[in-house]
Every structure is written in structure tokens, then in C-alpha cells.
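One structure is given here, and the rest of the page talks about it.
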Amino acid sequence: MRPPVRFPTLHAPAGPVPAAAPAWNPQRGGTMPSHRYRPAHERVHVPALLRRWPGRRIERAPLWVPVDLRDGNQALAEPMDPARKQRMFDLFLAMGFKEIEVGYPSASRTDFDFVRQLATTPGAVPEDVTVVVFTAARADLVERTFEAVAGLPRVVVHLYTATAPQWREVVLGKERAGLRALITSAATLMARLGEGRDGLRFQFSPEVFNLTEPDYALEVCNGLTRLWDASPERPVIHNLPATVEIATPNVYADQIEYMDRHLERREAVILSVHPHNDRGTGVACAELAVLAGAQRVEGCLFGNGERTGNVDLVTLALNLHTQGVDPMLDLSDIDAIRRTVEHCNRLPVHERHPYAGDLVHTAFSGTHQDAIRKGFARHAETAAALGVPQREAPWSVPYLPIDPADLGRDYEAVIRVNSQSGKGGIAHLLQAAEGLELPRRLQIDFARVVQEATDDSGREMTAEELYGLFRAEYLDAGAGRRWRVGDDWAEVDGRRGTGAGPLDALADAVGAEILSFGEHAVGSGRDAVAYVEARVGGPGGGVVWGAGRDASVLTAGVRAVLSAASRRSARKA
């Protein structure tokens, strides 16, 4: 028997078992320095109230406000360039967002120029969309912000200041009265600069609200409601951030309900929340906050943001969808949304990310696979009995809380492929035997090919047979085509293309758009393998995978592009 693996930096707790511990719990006291931290109830006092939120249900979507272009962007190692910001903004419009925070124009020239571009480009902002801009409570920054938004017909100027005791004392050096005076001064300037301007509204965020004394947060917010003369026709937004999560979600819900029940001119106030995810409960905080009275939720797509990120608006919206509530966003092509966000943020979305990850609809366990297959069969029977297409029948399939087809995914390809992947899995066998490291979506694509082959033969494939099938399907797909490439041009079978590099030019020559590209050396050998995911045939064309192998990295990439184009042609034929 192999000896156990040692972890010299870890030491299993060896302290006493607590006296009150039940016999079934043998956990011992450890040496982690937990005594250094104060529990949330000692850091901020929430007034006692008869809670109403636990008995409520969410029956309609709040106003969703993506902050990827500001809060998410400032968390990136490489902030978005103008082209990426525009692409993200266009995605928000396509998904149906009606209020979008677009930047911090007083802090960044790139943000200022982007806001000016929106303001000066006819039709850049649809008539029913409001732009939000962010500013600190400093006169010069407020003035610069108003310069940026000149000409925008619908805009929210968002003022923020940290109000929690630690931030007041350590960061700002202000007492409660002094900080309120600073906020009031900036808010007064905003009111003066916005005087007589239609379509302009104001927002205030007491940053680190969840660590701020509730009476002080209420005092500041009510003062601004009066100062800005909020009315139902021109409401103010009070946005209450859990800037750093420090408590269980029910505590945040209590704080939100306290504000909901005590804010002045409540019908003239839009109560907004902005949860972060430091404890991993950002989604729960947002959902309980909506139960407690929040009407508006700020967050990022797939949870990008400082530290562990902002709350994920995609998860929140699809959680509503799976409860039978219209999310009021279009999430019907989750992979297109994910690819765009990955491109703009230069960060991957995790394979296990709720709803959007490559593996979230995949069952590797045989018992789960069996239950899902039976669930599909029952679903088909139910649809037939109701006389409706399966896409319209009530959804109830074990282990699948959402129909993947609602998100633009083919659940047959994702789930059945894995049920036929063999003991070690198709990807594992190819990597172990041939050194191939297939991207996740190519694994799914190839598994469909394996499915067809094994269904025909009725037997399991060996690693050698798998590689032979992979070679025939992908590596040899573009063989025989004549090509030449240069630094920014390429020619394939007499057709010329241009691009930023040889592969872009090659894609242009064959009428393809490269969506993703990867390559690696094969084991310790000389060969390289390249993988390409491409859209072939223009915007309405199909998405196909190709692969190439050669001692030259460039040639492997060329063969991968030609493979994708040739496979698309073969499908059409």
C-alpha cells in the first residue's frame, strides 16, 4: 500500500473536543487565530425590528444595473480599451439592460472619452436607456463629471463616499458631522450644476453601508433626499453597498429592511443594493435584500469585480427564471454572452460557474446520467400528452434545474456525450495516450463524434481508436488544400485574405472568424497541436472546431483554421 501523502505545512487540529459536542462530532479545537476577528454583531448594531422579509417572495425582477464598465473594469489587471468598453456596452443593450453604469469619467481619460463618445454619437444610447456615471465627493471631480455627461439626454450622476467608522477614522480623518458636511457640499454642487436640466437624476452610495451605523446612514440619505428635492417624478437612488461582506445574508437583509421602513419620501426613493462576494454569499445577499425592499440591484456579469467580485447579475436573473419569474433580460445565448465577457475582461468564466460554465449541465456519475435520461423521456411524454412542443412543456428533469435549451445549449450534446465517454473519459484517454489537451468545448464537440461511432459499433473505443477518429475528424480535415501565408496576408486555393497576423489573414481567406485559439506542445516531443473555434460563413454561419498538428507552431495553427473551414463545408454538403 502506498504511504499517505504528507502536508508538512498543515497540522490537523489536536485541541480538546468541546465539552458540549455531541458524540457524533469528534472535531477538535484548532490553532487558527480566530480570536483576532470580531463578529459582525460587535462591529455594527442593527436595530431590532419585526422582520417582514422572511415571509415574502420575489415575484418580479428588480431593475438590473451592470457596473462592469466601472466597478468591474477597475478590478482588471488590464482595464478595457475603448473597443472592449464599446463591445461590452453593446452587449448590455442586446441583453435588454435599461440603466448602465459606464465609467468614472473624472478619474480616467479613457472613461471620460468613452462617456463623451456616447454623448456625441447620434443613436449611441437608445431612448429608453439611462447612463450612470460615478464620482467621489470632491468639487473638481464633480465638475469634471458634469463636463463628461453634457449632451446625454438621460443620465444619473452617482455620488459616493465611504461612511463606515473605520473608513471615517483611518482613511478620511472625519467625524460623523464633518463627513456629512463634505457629502452635503458635493451634493449641493451637483444640484447647482444640474439645475434646470431634464433627464438628470442623482444617486448616492454610502460606501461600506453594511459596516455603517444604521442611524447615520439614514441621516445622510434622508438629508440628500431633501436637498435634491426628490419626488416620484424625479426620484433619487440610494444605493446601499455591502462593499466588503462581513456577515450572513440575513443581517444585510435586516439592514435593508430598516432603511426601507425609515427612509423619508419613500415613494420618491429608489432603494438599490450593491453586494460584493467576499464571503461567497453575494447572490444570497442580493436576493434577501430584494425581499427586504430593494428595487434595484447593481452587479457584474459572471461576478467580476474587486477581490472576490461583485454579485453576479446572470446568476440572479436566471435564478428568477427558474422560479417562473421573467428576468426581463435576454440570456438565451449564454455562450455568446460568456465569450464576450471573457474577451472584454481577459478573464475566463469558470467551468463550474452557475448556468454558464462548460460543465454545469454535464453528469459524470452514472446514476445521475441514468436519472437525467429517464427525466428526458418523461419530459417528452409530458409534452406529447399536453400536445405542445417539448420546448414549451413544463420543465422537470432530475439534476437539471434549467433546460439548457433556454440558454441556447444542446443538452443532448453535453449530457449524452459524457454518458458515453468511457471509464476514464474521452479527454483523459487522449491526453494520457497522445498528449492532447483538448479545450473543454472541443471535448464536447468531439464527444458527439464518438457518440455516433460507438452507437454504430455498440462497443467501447480504445485510446488508439479514439485518436484515429480524432485524426480523421479534425487533423486530416483540411488536408490537400493549397496555402501560403505572410505577416498580414494569406492565400488559400487561390483566394487571398488579409488580417492582423497570418492566422487572421487565413481566416479571412476562407470566410471564417476565429472565436478562440489554443496550442500546446505534445508531451516532450517536437510536435505542436493547435485548436481553433471559428464561425464560418459570416454572422449567421455555424461555429465549428478545427485542429492541426505539426512540428511548426504556425503550420499547426494554419492547419487548425483550414480544418475548421473544411469541416463546416463538409457539414453543409
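Identifiers in the C-alpha cells: chain A, B, ... in order shown; residue index from 1 per chain; ligand index from 1 in order shown.
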Practice problem: With a distance cut-off of 7 Å and only C-alpha atoms, select the neighbouring residues of Trp489 in chain A, excluding the residue or stretch itself and same-chain residues fewer than 3 positions from it, and output the selection as a ChimeraX atom specification. | Solution: /A:485-486,497-499,502,505
For the selection you just gave me, I'd like the residues written to a file as a compact mmCIF listing (two decimals), in the first residue's frame, keeping C-alpha atoms.
```
# COMPACT_ATOMS: atom_id res chain seq x y z
CA VAL A 485 0.91 32.97 -45.61
CA GLY A 486 2.81 36.17 -44.88
CA GLY A 497 -7.16 37.32 -47.35
CA THR A 498 -5.66 39.97 -45.07
CA GLY A 499 -5.54 40.43 -41.31
CA PRO A 502 -1.12 35.22 -40.64
CA ALA A 505 -5.49 36.63 -42.76
```
If you count only C-alpha atoms, which residues fall within 9 Å of Thr248 in chain A, apart from same-chain ones fewer than 3 positions away, as a tab-separated table (two decimals) with N, CA, C and O atoms, in the first residue's frame?
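Output below, filename around12.tsv:
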```
chain	number	residue	atom	x	y	z
A	40	ALA	N	-19.72	40.07	13.38
A	40	ALA	CA	-20.43	41.20	12.78
A	40	ALA	C	-21.28	41.95	13.78
A	40	ALA	O	-21.37	43.19	13.75
A	245	GLU	N	-18.16	42.10	2.35
A	245	GLU	CA	-19.07	41.22	3.09
A	245	GLU	C	-18.48	40.86	4.45
A	245	GLU	O	-17.32	40.45	4.55
A	251	VAL	N	-28.36	39.31	7.93
A	251	VAL	CA	-28.01	40.57	8.57
A	251	VAL	C	-28.15	41.72	7.58
A	251	VAL	O	-28.70	42.79	7.90
A	252	TYR	N	-27.64	41.51	6.36
A	252	TYR	CA	-27.77	42.54	5.31
A	252	TYR	C	-29.26	42.79	5.02
A	252	TYR	O	-29.67	43.95	4.86
A	279	ARG	N	-17.57	36.74	1.20
A	279	ARG	CA	-17.91	35.51	1.93
A	279	ARG	C	-18.54	34.46	1.02
A	279	ARG	O	-18.97	33.40	1.49
A	281	THR	N	-21.36	34.85	-0.58
A	281	THR	CA	-22.83	34.88	-0.45
A	281	THR	C	-23.45	36.11	-1.11
A	281	THR	O	-24.53	36.54	-0.74
A	285	CYS	N	-27.20	37.55	-0.59
A	285	CYS	CA	-27.41	38.91	-0.05
A	285	CYS	C	-28.35	39.71	-0.94
A	285	CYS	O	-29.25	40.39	-0.45
```
Env of Leu218 in chain A: 10 Å cut, atoms = only C-alpha atoms, seq-sep filter 6 positions within chain, self excluded. Answer as a short mmCIF file (atom, residue, chain, number, x, y, z; two decimals) with N, CA and C atoms, in the first residue's frame.
```cif
data_model
loop_
_atom_site.label_atom_id
_atom_site.label_comp_id
_atom_site.auth_asym_id
_atom_site.auth_seq_id
_atom_site.Cartn_x
_atom_site.Cartn_y
_atom_site.Cartn_z
N PRO A 206 -23.57 55.35 0.26
CA PRO A 206 -22.73 55.38 1.45
C PRO A 206 -21.86 54.11 1.44
N THR A 212 -21.70 50.58 8.39
CA THR A 212 -22.03 51.92 8.86
C THR A 212 -23.17 51.85 9.87
N LEU A 224 -29.94 64.01 1.90
CA LEU A 224 -29.78 64.19 0.45
C LEU A 224 -31.12 64.12 -0.27
N TYR A 258 -34.55 47.85 7.46
CA TYR A 258 -34.55 49.02 8.34
C TYR A 258 -34.58 50.30 7.51
N MET A 259 -33.75 50.37 6.48
CA MET A 259 -33.72 51.57 5.63
C MET A 259 -35.03 51.71 4.85
N ASP A 260 -35.54 50.60 4.33
CA ASP A 260 -36.78 50.63 3.56
C ASP A 260 -37.93 51.21 4.39
N HIS A 262 -37.66 53.28 7.03
CA HIS A 262 -37.40 54.56 7.68
C HIS A 262 -36.95 55.67 6.73
N LEU A 263 -36.71 55.38 5.46
CA LEU A 263 -36.33 56.42 4.52
C LEU A 263 -37.48 57.41 4.32
N GLU A 264 -37.16 58.69 4.32
CA GLU A 264 -38.17 59.72 4.05
C GLU A 264 -38.55 59.71 2.57
#
```
Self-check item: Every residue of range 355-514 of chain A that DSSP places in strand (DSSP E or B), as a VMD selection string
Solution: chain A and resid 397 400 483 to 485 489 to 492 495 to 498 512 to 514
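The neighbours of Tyr160 in chain A here are the residues that come within 8 Å of it, using only C-alpha atoms and leaving out any residue fewer than 4 positions away in the same chain; they are A:Phe134, A:Thr135, A:Ala136, A:Ala137, A:Phe204, A:Ser205, A:Pro206, A:Glu207.
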Practice problem: Quick one: everything within 10 Å of Asp358 in chain A, counting only C-alpha atoms, minus sequence neighbours fewer than 2 positions away in the same chain. Send it as a list in words. | Solution: Asp335, Val349, His350, Glu351, Arg352, His353, Pro354, Tyr355, Ala356, Val360, His361, Thr362, Val414, Arg440, Arg441 and Ile444 of chain A
Exercise. Mind checking which residues fall within 8 Å of Gly408 in chain A, counting only C-alpha atoms, ignoring those fewer than 6 positions away in the same chain, and posting them as an NGL selection string?
Key: :A and (332-335)
Expected file: the selected residues, C-alpha atoms, as a compact mmCIF listing (two decimals), in the first residue's frame:
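Final output, out.txt:
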```txt
# COMPACT_ATOMS: atom_id res chain seq x y z
CA SER A 332 -30.93 32.82 -24.48
CA ASP A 333 -27.37 32.57 -25.89
CA ILE A 334 -25.32 32.19 -22.73
CA ASP A 335 -22.18 31.16 -24.63
```
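Distance-wise, CA of Leu193 in chain A and CA of Gly103 in chain A end up 19.3 Å apart.
The space between CA of Arg70 in chain A and CA of Glu101 in chain A spans 6.6 Å.
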Practice problem: Could you give me the residues within range 29-267 of chain A that DSSP places in alpha helix (DSSP H), as JSON, numbers by chain? | Solution: {"A": [40, 41, 42, 43, 82, 83, 84, 85, 86, 87, 88, 89, 90, 91, 92, 93, 94, 95, 109, 110, 111, 112, 113, 114, 115, 116, 117, 118, 119, 120, 139, 140, 141, 142, 143, 144, 145, 146, 147, 148, 149, 165, 166, 176, 177, 178, 179, 180, 181, 182, 183, 184, 185, 186, 187, 188, 189, 190, 191, 192, 193, 214, 215, 216, 217, 218, 219, 220, 221, 222, 223, 224, 225, 226, 227, 249, 250, 251, 252, 253, 254, 255, 256, 257, 258, 259, 260, 261, 262]}
May I have the selected residues written with C-alpha atoms, as an mmCIF file, in the first residue's frame?
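What ended up in result-v2.cif:
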```cif
data_model
loop_
_atom_site.group_PDB
_atom_site.id
_atom_site.type_symbol
_atom_site.label_atom_id
_atom_site.label_comp_id
_atom_site.auth_asym_id
_atom_site.auth_seq_id
_atom_site.Cartn_x
_atom_site.Cartn_y
_atom_site.Cartn_z
ATOM 1 C CA ALA A 40 -20.426 41.204 12.780
ATOM 2 C CA HIS A 41 -22.847 41.935 15.640
ATOM 3 C CA GLU A 42 -19.994 43.589 17.580
ATOM 4 C CA ARG A 43 -18.954 45.725 14.608
ATOM 5 C CA PRO A 82 -12.220 51.718 -25.847
ATOM 6 C CA ALA A 83 -13.090 48.899 -28.258
ATOM 7 C CA ARG A 84 -13.722 46.459 -25.428
ATOM 8 C CA LYS A 85 -15.778 49.006 -23.489
ATOM 9 C CA GLN A 86 -17.940 49.596 -26.559
ATOM 10 C CA ARG A 87 -18.373 45.878 -27.148
ATOM 11 C CA MET A 88 -19.454 45.353 -23.533
ATOM 12 C CA PHE A 89 -21.871 48.308 -23.766
ATOM 13 C CA ASP A 90 -23.352 46.861 -26.967
ATOM 14 C CA LEU A 91 -23.797 43.510 -25.210
ATOM 15 C CA PHE A 92 -25.718 45.209 -22.395
ATOM 16 C CA LEU A 93 -28.068 46.799 -24.941
ATOM 17 C CA ALA A 94 -28.609 43.469 -26.713
ATOM 18 C CA MET A 95 -29.447 41.780 -23.414
ATOM 19 C CA ARG A 109 -9.192 59.792 -19.501
ATOM 20 C CA THR A 110 -10.377 56.580 -21.167
ATOM 21 C CA ASP A 111 -13.642 56.720 -19.209
ATOM 22 C CA PHE A 112 -14.095 60.435 -19.901
ATOM 23 C CA ASP A 113 -13.593 59.918 -23.640
ATOM 24 C CA PHE A 114 -15.970 56.934 -23.664
ATOM 25 C CA VAL A 115 -18.724 58.947 -21.989
ATOM 26 C CA ARG A 116 -18.145 61.795 -24.439
ATOM 27 C CA GLN A 117 -18.385 59.331 -27.323
ATOM 28 C CA LEU A 118 -21.769 58.160 -26.048
ATOM 29 C CA ALA A 119 -22.899 61.756 -25.611
ATOM 30 C CA THR A 120 -21.846 62.966 -29.050
ATOM 31 C CA ALA A 139 -15.739 69.588 -6.188
ATOM 32 C CA ASP A 140 -13.222 69.252 -9.025
ATOM 33 C CA LEU A 141 -14.266 65.658 -9.695
ATOM 34 C CA VAL A 142 -17.961 66.552 -9.661
ATOM 35 C CA GLU A 143 -17.371 69.367 -12.142
ATOM 36 C CA ARG A 144 -15.335 67.109 -14.439
ATOM 37 C CA THR A 145 -18.148 64.540 -14.300
ATOM 38 C CA PHE A 146 -20.708 67.112 -15.438
ATOM 39 C CA GLU A 147 -18.404 68.075 -18.312
ATOM 40 C CA ALA A 148 -18.380 64.425 -19.392
ATOM 41 C CA VAL A 149 -22.169 63.974 -19.437
ATOM 42 C CA PRO A 165 -16.399 54.235 11.222
ATOM 43 C CA GLN A 166 -13.105 52.599 10.229
ATOM 44 C CA ARG A 176 -19.709 61.979 11.579
ATOM 45 C CA ALA A 177 -20.648 65.653 11.306
ATOM 46 C CA GLY A 178 -17.552 66.511 9.273
ATOM 47 C CA LEU A 179 -18.156 63.742 6.772
ATOM 48 C CA ARG A 180 -21.799 64.675 6.380
ATOM 49 C CA ALA A 181 -20.734 68.252 5.650
ATOM 50 C CA LEU A 182 -18.338 67.018 2.957
ATOM 51 C CA ILE A 183 -21.096 64.933 1.341
ATOM 52 C CA THR A 184 -23.606 67.777 1.554
ATOM 53 C CA SER A 185 -21.161 70.192 -0.083
ATOM 54 C CA ALA A 186 -20.636 67.874 -3.075
ATOM 55 C CA ALA A 187 -24.364 67.153 -3.341
ATOM 56 C CA THR A 188 -25.163 70.881 -3.274
ATOM 57 C CA LEU A 189 -22.730 71.437 -6.140
ATOM 58 C CA MET A 190 -24.382 68.629 -8.083
ATOM 59 C CA ALA A 191 -27.798 70.221 -7.554
ATOM 60 C CA ARG A 192 -26.497 73.582 -8.792
ATOM 61 C CA LEU A 193 -24.762 72.123 -11.867
ATOM 62 C CA PRO A 214 -27.799 52.452 10.501
ATOM 63 C CA ASP A 215 -28.905 55.726 12.118
ATOM 64 C CA TYR A 216 -26.014 57.593 10.454
ATOM 65 C CA ALA A 217 -26.648 56.054 7.022
ATOM 66 C CA LEU A 218 -30.311 57.024 7.382
ATOM 67 C CA GLU A 219 -29.425 60.565 8.481
ATOM 68 C CA VAL A 220 -27.153 61.125 5.471
ATOM 69 C CA CYS A 221 -29.551 59.577 2.936
ATOM 70 C CA ASN A 222 -32.577 61.476 4.215
ATOM 71 C CA GLY A 223 -30.598 64.716 4.137
ATOM 72 C CA LEU A 224 -29.781 64.186 0.453
ATOM 73 C CA THR A 225 -33.387 63.247 -0.360
ATOM 74 C CA ARG A 226 -34.429 66.652 0.980
ATOM 75 C CA LEU A 227 -31.504 68.520 -0.578
ATOM 76 C CA PRO A 249 -27.034 37.453 4.297
ATOM 77 C CA ASN A 250 -29.887 37.753 6.795
ATOM 78 C CA VAL A 251 -28.015 40.574 8.574
ATOM 79 C CA TYR A 252 -27.773 42.537 5.314
ATOM 80 C CA ALA A 253 -31.482 41.921 4.727
ATOM 81 C CA ASP A 254 -32.268 43.346 8.172
ATOM 82 C CA GLN A 255 -30.199 46.449 7.370
ATOM 83 C CA ILE A 256 -32.020 46.923 4.063
ATOM 84 C CA GLU A 257 -35.452 46.470 5.652
ATOM 85 C CA TYR A 258 -34.554 49.018 8.342
ATOM 86 C CA MET A 259 -33.724 51.568 5.633
ATOM 87 C CA ASP A 260 -36.779 50.631 3.562
ATOM 88 C CA ARG A 261 -39.064 51.333 6.516
ATOM 89 C CA HIS A 262 -37.399 54.557 7.677
#
```
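Using only C-alpha atoms, the nearest neighbour of Ile270 in chain A within the list A:Glu233, A:Glu306, A:Glu78, A:Glu519 is A:Glu233.
In terms of minimum interatomic distance to Leu436 in chain A, A:Ala463 ranks closest within A:Val283, A:Val544, A:Ala463, A:Val131, counting only C-alpha atoms.
Straight-line separation from CA of Ala432 in chain A to CA of Phe470 in chain A: 14.5 Å.
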Quiz item: Do you know which residues are at most 8 Å from range 309-313 of chain A counting only C-alpha atoms, after dropping those on the same chain fewer than 6 positions away, and could you put them as a ChimeraX atom specification?
Solution: /A:64,66,72,274-278,282-283,286,298-303
Residue subset to file, keeping N, CA and C atoms, as a PDB file, in the first residue's frame:
```pdb
ATOM      1  N   TRP A  64     -32.114  45.858 -13.048  1.00  0.00           N
ATOM      2  CA  TRP A  64     -30.728  45.398 -13.066  1.00  0.00           C
ATOM      3  C   TRP A  64     -29.816  46.508 -13.597  1.00  0.00           C
ATOM      4  N   PRO A  66     -25.847  46.889 -14.629  1.00  0.00           N
ATOM      5  CA  PRO A  66     -24.490  46.356 -14.723  1.00  0.00           C
ATOM      6  C   PRO A  66     -23.455  47.447 -14.462  1.00  0.00           C
ATOM      7  N   GLY A  72     -16.364  46.750 -12.280  1.00  0.00           N
ATOM      8  CA  GLY A  72     -15.670  45.582 -12.815  1.00  0.00           C
ATOM      9  C   GLY A  72     -14.383  45.956 -13.518  1.00  0.00           C
ATOM     10  N   HIS A 274     -25.850  46.855  -3.687  1.00  0.00           N
ATOM     11  CA  HIS A 274     -24.613  46.611  -4.432  1.00  0.00           C
ATOM     12  C   HIS A 274     -23.770  45.618  -3.619  1.00  0.00           C
ATOM     13  N   PRO A 275     -24.142  44.330  -3.622  1.00  0.00           N
ATOM     14  CA  PRO A 275     -23.403  43.356  -2.808  1.00  0.00           C
ATOM     15  C   PRO A 275     -22.092  42.917  -3.458  1.00  0.00           C
ATOM     16  N   HIS A 276     -21.086  42.713  -2.631  1.00  0.00           N
ATOM     17  CA  HIS A 276     -19.858  42.045  -3.059  1.00  0.00           C
ATOM     18  C   HIS A 276     -19.882  40.604  -2.545  1.00  0.00           C
ATOM     19  N   ASN A 277     -18.821  39.870  -2.831  1.00  0.00           N
ATOM     20  CA  ASN A 277     -18.879  38.420  -2.649  1.00  0.00           C
ATOM     21  C   ASN A 277     -17.742  37.887  -1.773  1.00  0.00           C
ATOM     22  N   ASP A 278     -17.288  38.688  -0.808  1.00  0.00           N
ATOM     23  CA  ASP A 278     -16.136  38.280  -0.006  1.00  0.00           C
ATOM     24  C   ASP A 278     -16.366  36.990   0.760  1.00  0.00           C
ATOM     25  N   GLY A 282     -22.766  36.663  -2.116  1.00  0.00           N
ATOM     26  CA  GLY A 282     -23.282  37.859  -2.772  1.00  0.00           C
ATOM     27  C   GLY A 282     -24.661  37.668  -3.367  1.00  0.00           C
ATOM     28  N   VAL A 283     -24.886  36.520  -4.024  1.00  0.00           N
ATOM     29  CA  VAL A 283     -26.201  36.253  -4.625  1.00  0.00           C
ATOM     30  C   VAL A 283     -27.276  36.168  -3.546  1.00  0.00           C
ATOM     31  N   ALA A 286     -28.132  39.637  -2.247  1.00  0.00           N
ATOM     32  CA  ALA A 286     -28.976  40.395  -3.169  1.00  0.00           C
ATOM     33  C   ALA A 286     -30.415  39.905  -3.131  1.00  0.00           C
ATOM     34  N   GLU A 298     -27.248  46.437  -8.405  1.00  0.00           N
ATOM     35  CA  GLU A 298     -26.031  46.650  -9.186  1.00  0.00           C
ATOM     36  C   GLU A 298     -25.150  45.412  -9.087  1.00  0.00           C
ATOM     37  N   GLY A 299     -24.510  45.042 -10.187  1.00  0.00           N
ATOM     38  CA  GLY A 299     -23.608  43.900 -10.178  1.00  0.00           C
ATOM     39  C   GLY A 299     -22.891  43.783 -11.502  1.00  0.00           C
ATOM     40  N   CYS A 300     -22.190  42.678 -11.696  1.00  0.00           N
ATOM     41  CA  CYS A 300     -21.424  42.437 -12.916  1.00  0.00           C
ATOM     42  C   CYS A 300     -21.826  41.094 -13.523  1.00  0.00           C
ATOM     43  N   LEU A 301     -21.634  40.966 -14.817  1.00  0.00           N
ATOM     44  CA  LEU A 301     -21.893  39.697 -15.482  1.00  0.00           C
ATOM     45  C   LEU A 301     -20.852  38.681 -15.038  1.00  0.00           C
ATOM     46  N   PHE A 302     -21.324  37.561 -14.540  1.00  0.00           N
ATOM     47  CA  PHE A 302     -20.484  36.464 -14.059  1.00  0.00           C
ATOM     48  C   PHE A 302     -19.634  36.852 -12.856  1.00  0.00           C
ATOM     49  N   GLY A 303     -19.995  37.963 -12.173  1.00  0.00           N
ATOM     50  CA  GLY A 303     -19.412  38.247 -10.875  1.00  0.00           C
ATOM     51  C   GLY A 303     -18.012  38.813 -10.876  1.00  0.00           C
TER      52      GLY A 303
END
```
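Proximity to Asn345 in chain A was assessed for A:Met80, A:Val17, A:Ala12, A:Ala107 counting only C-alpha atoms; the smallest distance is recorded for A:Met80.
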Quiz item: From the set A:Ala490, A:Pro348, A:Thr322, A:Val5, which residue has the shortest atom-to-atom contact distance to Asp406 in chain A, counting only C-alpha atoms?
Solution: A:Thr322
